[in-house]
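The data block below is coords.cif; it holds mmCIF, C-alpha atoms.
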```cif
data_start
#
loop_
_atom_site.label_atom_id
_atom_site.label_comp_id
_atom_site.auth_asym_id
_atom_site.auth_seq_id
_atom_site.Cartn_x
_atom_site.Cartn_y
_atom_site.Cartn_z
CA GLN T 1112 -14.50 13.66 0.68
CA VAL T 1113 -11.65 13.88 -1.79
CA GLN T 1114 -10.62 10.62 -3.39
CA LEU T 1115 -7.60 10.13 -5.62
CA VAL T 1116 -7.20 6.84 -7.45
CA GLU T 1117 -4.09 6.13 -9.48
CA SER T 1118 -3.85 3.63 -12.31
CA GLY T 1119 -1.58 2.74 -15.19
CA GLY T 1120 1.52 1.44 -13.47
CA GLY T 1121 3.30 -1.75 -14.41
CA LEU T 1122 6.50 -3.28 -15.70
CA VAL T 1123 8.25 -1.65 -18.63
CA GLN T 1124 11.66 -1.94 -20.24
CA ALA T 1125 14.17 0.87 -20.09
CA GLY T 1126 13.48 3.37 -22.83
CA GLY T 1127 9.79 2.57 -22.82
CA SER T 1128 6.75 4.63 -21.86
CA VAL T 1129 3.97 4.48 -19.32
CA ARG T 1130 1.03 6.77 -18.72
CA LEU T 1131 -0.33 7.15 -15.21
CA SER T 1132 -3.80 8.43 -14.44
CA CYS T 1133 -5.18 9.95 -11.27
CA ALA T 1134 -8.96 10.04 -11.06
CA ALA T 1135 -10.07 12.76 -8.67
CA SER T 1136 -13.51 12.95 -7.07
CA GLY T 1137 -15.36 14.53 -4.18
CA ARG T 1138 -14.64 18.21 -4.83
CA THR T 1139 -14.39 20.85 -7.48
CA PHE T 1140 -10.69 20.92 -8.22
CA SER T 1141 -10.46 24.12 -10.23
CA SER T 1142 -8.34 25.88 -7.60
CA TYR T 1143 -6.24 22.89 -6.57
CA VAL T 1144 -2.65 22.07 -7.31
CA MET T 1145 -2.23 18.43 -8.28
CA GLY T 1146 1.09 16.69 -7.90
CA TRP T 1147 2.85 13.44 -8.62
CA PHE T 1148 5.42 12.08 -6.20
CA ARG T 1149 7.34 8.83 -6.13
CA GLN T 1150 9.03 6.69 -3.54
CA ALA T 1151 11.61 4.03 -4.25
CA PRO T 1152 12.47 1.33 -1.69
CA GLY T 1153 14.64 2.72 1.07
CA LYS T 1154 14.32 6.29 -0.19
CA GLU T 1155 12.28 9.29 0.76
CA ARG T 1156 9.26 10.36 -1.22
CA GLU T 1157 10.31 12.80 -3.92
CA PHE T 1158 8.57 15.32 -6.10
CA VAL T 1159 8.02 14.45 -9.75
CA ALA T 1160 5.65 17.00 -11.27
CA ALA T 1161 2.79 19.33 -10.40
CA ILE T 1162 0.09 21.25 -12.22
CA ARG T 1163 -2.39 23.86 -11.21
CA TRP T 1164 -5.76 22.44 -12.23
CA SER T 1165 -6.33 25.45 -14.48
CA GLY T 1166 -3.16 24.45 -16.31
CA SER T 1167 -1.61 27.86 -15.76
CA ARG T 1168 1.39 26.51 -13.85
CA ILE T 1169 3.39 23.34 -14.41
CA TYR T 1170 6.47 22.18 -12.55
CA TYR T 1171 8.89 19.29 -12.98
CA ALA T 1172 11.72 17.80 -11.01
CA ASP T 1173 15.01 18.18 -12.84
CA SER T 1174 15.37 14.40 -13.00
CA VAL T 1175 12.27 14.02 -15.18
CA LYS T 1176 12.26 17.26 -17.15
CA GLY T 1177 12.07 16.56 -20.87
CA ARG T 1178 10.91 12.99 -20.32
CA PHE T 1179 7.70 13.30 -18.30
CA THR T 1180 4.63 15.39 -19.07
CA ILE T 1181 1.87 16.25 -16.62
CA SER T 1182 -1.55 17.25 -17.85
CA ARG T 1183 -5.19 17.15 -16.84
CA ASP T 1184 -8.40 16.07 -18.52
CA ASN T 1185 -11.10 18.36 -17.19
CA ALA T 1186 -13.94 16.33 -18.69
CA LYS T 1187 -12.82 13.22 -16.81
CA ASN T 1188 -11.50 14.99 -13.69
CA THR T 1189 -8.21 13.20 -14.24
CA VAL T 1190 -4.56 14.17 -13.94
CA LEU T 1191 -2.17 12.35 -16.24
CA LEU T 1192 1.54 11.68 -16.10
CA GLN T 1193 3.05 10.60 -19.40
CA MET T 1194 6.44 9.05 -18.76
CA ASN T 1195 8.78 8.51 -21.70
CA SER T 1196 12.39 7.35 -22.02
CA LEU T 1197 12.07 5.53 -18.74
CA LYS T 1198 15.16 4.54 -16.79
CA PRO T 1199 15.65 1.88 -14.10
CA GLU T 1200 16.04 4.69 -11.56
CA ASP T 1201 12.46 5.73 -12.28
CA THR T 1202 11.31 2.54 -10.55
CA ALA T 1203 9.11 3.53 -7.63
CA VAL T 1204 5.61 3.71 -6.28
CA TYR T 1205 4.01 6.77 -7.84
CA TYR T 1206 1.51 8.78 -5.82
CA CYS T 1207 -1.01 11.38 -6.89
CA ALA T 1208 -1.62 14.22 -4.44
CA ALA T 1209 -3.88 17.26 -4.15
CA ASP T 1210 -3.29 20.60 -2.44
CA SER T 1211 -6.68 22.14 -1.73
CA ARG T 1212 -5.11 25.54 -1.04
CA GLY T 1213 -3.60 25.71 -4.52
CA ARG T 1214 -0.19 26.93 -3.39
CA THR T 1215 2.08 26.69 -6.39
CA VAL T 1216 5.00 28.17 -4.45
CA VAL T 1217 5.30 24.93 -2.44
CA ALA T 1218 4.26 22.54 -5.20
CA GLY T 1219 7.45 20.52 -4.76
CA ARG T 1220 6.92 19.81 -1.07
CA SER T 1221 5.04 16.69 -0.05
CA ASP T 1222 3.86 18.33 3.18
CA ALA T 1223 1.95 20.91 1.13
CA TYR T 1224 -0.53 18.29 -0.04
CA ASP T 1225 -3.51 17.26 2.06
CA TYR T 1226 -4.89 14.42 -0.06
CA TRP T 1227 -3.06 11.37 -1.39
CA GLY T 1228 -3.85 8.38 -3.52
CA GLN T 1229 -2.87 4.83 -2.67
CA GLY T 1230 -0.01 4.72 -5.18
CA THR T 1231 0.77 2.65 -8.25
CA GLN T 1232 3.95 0.69 -8.86
CA VAL T 1233 6.14 1.44 -11.86
CA THR T 1234 9.04 -0.93 -12.45
CA VAL T 1235 11.58 -0.23 -15.18
CA SER T 1236 13.79 -3.16 -16.13
CA SER T 1237 17.25 -2.68 -17.60
#
```
Kindly present the structure from the file in structure tokens form.
Amino acid sequence: QVQLVESGGGLVQAGGSVRLSCAASGRTFSSYVMGWFRQAPGKEREFVAAIRWSGSRIYYADSVKGRFTISRDNAKNTVLLQMNSLKPEDTAVYYCAADSRGRTVVAGRSDAYDYWGQGTQVTVSS
């Protein structure tokens, strides 16, 4: 059974940085696409970034491009999201997700992912 556990959220001032981790277990993830999504209160879940586990493809939402970096640590079976230059509008619950079919063409769609973590709160104060 696939398990995704996020960590690293918290309260940070605008302009600061946070690094989120997603520990993945239960499968061999070499063919998976791993994604980060976020959901702010009263808003729909939105795509943030995605990476093919091999690292051959990386995608970002326009709103985070140049500020966020997605990567993976193969030794620890972990996907990371480094978030810099944070803004109050980045405040949300951040979710890690896994697409077992490895479909990069739909990496930005939440319905493409079949496994989800429980989420971690990131709050950016102004």
Between T:Phe1158, T:Trp1164, T:Tyr1205, T:Tyr1170, which is the closest to T:Thr1189 once you count only C-alpha atoms?
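Of T:Phe1158, T:Trp1164, T:Tyr1205, T:Tyr1170, the one nearest T:Thr1189 is T:Trp1164, counting only C-alpha atoms.
The residues returned by the PyMOL selection byres ((chain T and resi 1167) around 12) for this structure are Ser1141, Ser1142, Tyr1143, Val1144, Ala1161, Ile1162, Arg1163, Trp1164, Ser1165, Gly1166, Arg1168, Ile1169, Tyr1170, Ser1182, Arg1183, Gly1213 and Thr1215 of chain T.
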Taking C-alpha atoms for each residue, export the selection above as a PDB file, in the frame of the given file.
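Once everything was written out, this is result_14.pdb:
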```
ATOM      1  CA  SER T1141     -10.460  24.120 -10.230  1.00  0.00           C
ATOM      2  CA  SER T1142      -8.340  25.880  -7.600  1.00  0.00           C
ATOM      3  CA  TYR T1143      -6.240  22.890  -6.570  1.00  0.00           C
ATOM      4  CA  VAL T1144      -2.650  22.070  -7.310  1.00  0.00           C
ATOM      5  CA  ALA T1161       2.790  19.330 -10.400  1.00  0.00           C
ATOM      6  CA  ILE T1162       0.090  21.250 -12.220  1.00  0.00           C
ATOM      7  CA  ARG T1163      -2.390  23.860 -11.210  1.00  0.00           C
ATOM      8  CA  TRP T1164      -5.760  22.440 -12.230  1.00  0.00           C
ATOM      9  CA  SER T1165      -6.330  25.450 -14.480  1.00  0.00           C
ATOM     10  CA  GLY T1166      -3.160  24.450 -16.310  1.00  0.00           C
ATOM     11  CA  ARG T1168       1.390  26.510 -13.850  1.00  0.00           C
ATOM     12  CA  ILE T1169       3.390  23.340 -14.410  1.00  0.00           C
ATOM     13  CA  TYR T1170       6.470  22.180 -12.550  1.00  0.00           C
ATOM     14  CA  SER T1182      -1.550  17.250 -17.850  1.00  0.00           C
ATOM     15  CA  ARG T1183      -5.190  17.150 -16.840  1.00  0.00           C
ATOM     16  CA  GLY T1213      -3.600  25.710  -4.520  1.00  0.00           C
ATOM     17  CA  THR T1215       2.080  26.690  -6.390  1.00  0.00           C
TER      18      THR T1215
END
```
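In this comparison, which uses all atoms listed in the file, the residue of T:Met1145, T:Phe1140, T:Asp1173, T:Gly1119 approaching T:Arg1214 most closely is T:Met1145.
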In terms of the shortest atom-to-atom distance over all atoms listed in the file, which of T:Gly1146, T:Gly1126, T:Gly1120, T:Pro1152 is closest to T:Tyr1226?
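Checking each of T:Gly1146, T:Gly1126, T:Gly1120, T:Pro1152 against T:Tyr1226, counting all atoms listed in the file, the winner is T:Gly1146.
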Non-local contacts of T:Arg1220 (10 Å; only C-alpha atoms; under 2 positions in same chain excluded) as a short mmCIF file (atom, residue, chain, number, x, y, z; two decimals) with C-alpha atoms, keeping the file's coordinate frame:
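So selection.cif came out as:
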```
data_model
loop_
_atom_site.label_atom_id
_atom_site.label_comp_id
_atom_site.auth_asym_id
_atom_site.auth_seq_id
_atom_site.Cartn_x
_atom_site.Cartn_y
_atom_site.Cartn_z
CA GLY T 1146 1.09 16.69 -7.90
CA PHE T 1148 5.42 12.08 -6.20
CA ARG T 1156 9.26 10.36 -1.22
CA GLU T 1157 10.31 12.80 -3.92
CA PHE T 1158 8.57 15.32 -6.10
CA THR T 1215 2.08 26.69 -6.39
CA VAL T 1216 5.00 28.17 -4.45
CA VAL T 1217 5.30 24.93 -2.44
CA ALA T 1218 4.26 22.54 -5.20
CA ASP T 1222 3.86 18.33 3.18
CA ALA T 1223 1.95 20.91 1.13
CA TYR T 1224 -0.53 18.29 -0.04
#
```
Take the PyMOL selection byres ((chain T and resi 1117) around 6), apply it to the structure above, and return the hits as an NGL selection string.
:T and (1116 or 1118 or 1132-1133)
Separation of atom CA of T:Leu1192 from atom CA of T:Ser1211 in Å
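If I compute the distance from atom CA of T:Ser1211 to atom CA of T:Leu1192, I get 19.6 Å.
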Taking (0.6, -2.3, -12.1) as a centre in this file's frame and 12 Å as the limit, can you find every polymer residue with an atom that close, using all atoms listed in the file, and give them as a list of chain:residue names?
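Residues lying no farther than 12 Å from the given point: T:Glu1117, T:Ser1118, T:Gly1119, T:Gly1120, T:Gly1121, T:Leu1122, T:Val1123, T:Val1129, T:Arg1130, T:Leu1131, T:Ser1132, T:Thr1202, T:Ala1203, T:Val1204, T:Tyr1205, T:Gly1230, T:Thr1231, T:Gln1232, T:Val1233, T:Thr1234, T:Val1235.
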Rounded to one decimal, what separation in Å do you get between atom CA of T:Asp1225 and atom CA of T:Cys1207?
11.0 Å
Coordinates-based distance that separates atom CA of T:Ala1125 from atom CA of T:Phe1179 (Å, one decimal):
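It comes out at 14.1 Å.
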Considering all atoms listed in the file, can you say which of T:Tyr1206, T:Ser1236, T:Asn1188, T:Arg1212 comes closest to T:Arg1149?
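Closest residue, counting all atoms listed in the file: T:Tyr1206.
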Considering all atoms listed in the file, can you say which of T:Ala1160, T:Ala1172, T:Ala1209, T:Ala1134 comes closest to T:Asp1184?
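Distance minimum relative to T:Asp1184 lands on T:Ala1134.
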List the residues selected by the PyMOL selection byres ((chain T and resi 1178) around 9) in the file shown, writing them as a PyMOL selection string.
chain T and resi 1174-1177+1179-1180+1193-1197
Taking C-alpha atoms for each residue, export the selection above as a short mmCIF file (atom, residue, chain, number, x, y, z; two decimals), keeping the file's coordinate frame.
```
data_model
loop_
_atom_site.label_atom_id
_atom_site.label_comp_id
_atom_site.auth_asym_id
_atom_site.auth_seq_id
_atom_site.Cartn_x
_atom_site.Cartn_y
_atom_site.Cartn_z
CA SER T 1174 15.37 14.40 -13.00
CA VAL T 1175 12.27 14.02 -15.18
CA LYS T 1176 12.26 17.26 -17.15
CA GLY T 1177 12.07 16.56 -20.87
CA PHE T 1179 7.70 13.30 -18.30
CA THR T 1180 4.63 15.39 -19.07
CA GLN T 1193 3.05 10.60 -19.40
CA MET T 1194 6.44 9.05 -18.76
CA ASN T 1195 8.78 8.51 -21.70
CA SER T 1196 12.39 7.35 -22.02
CA LEU T 1197 12.07 5.53 -18.74
#
```
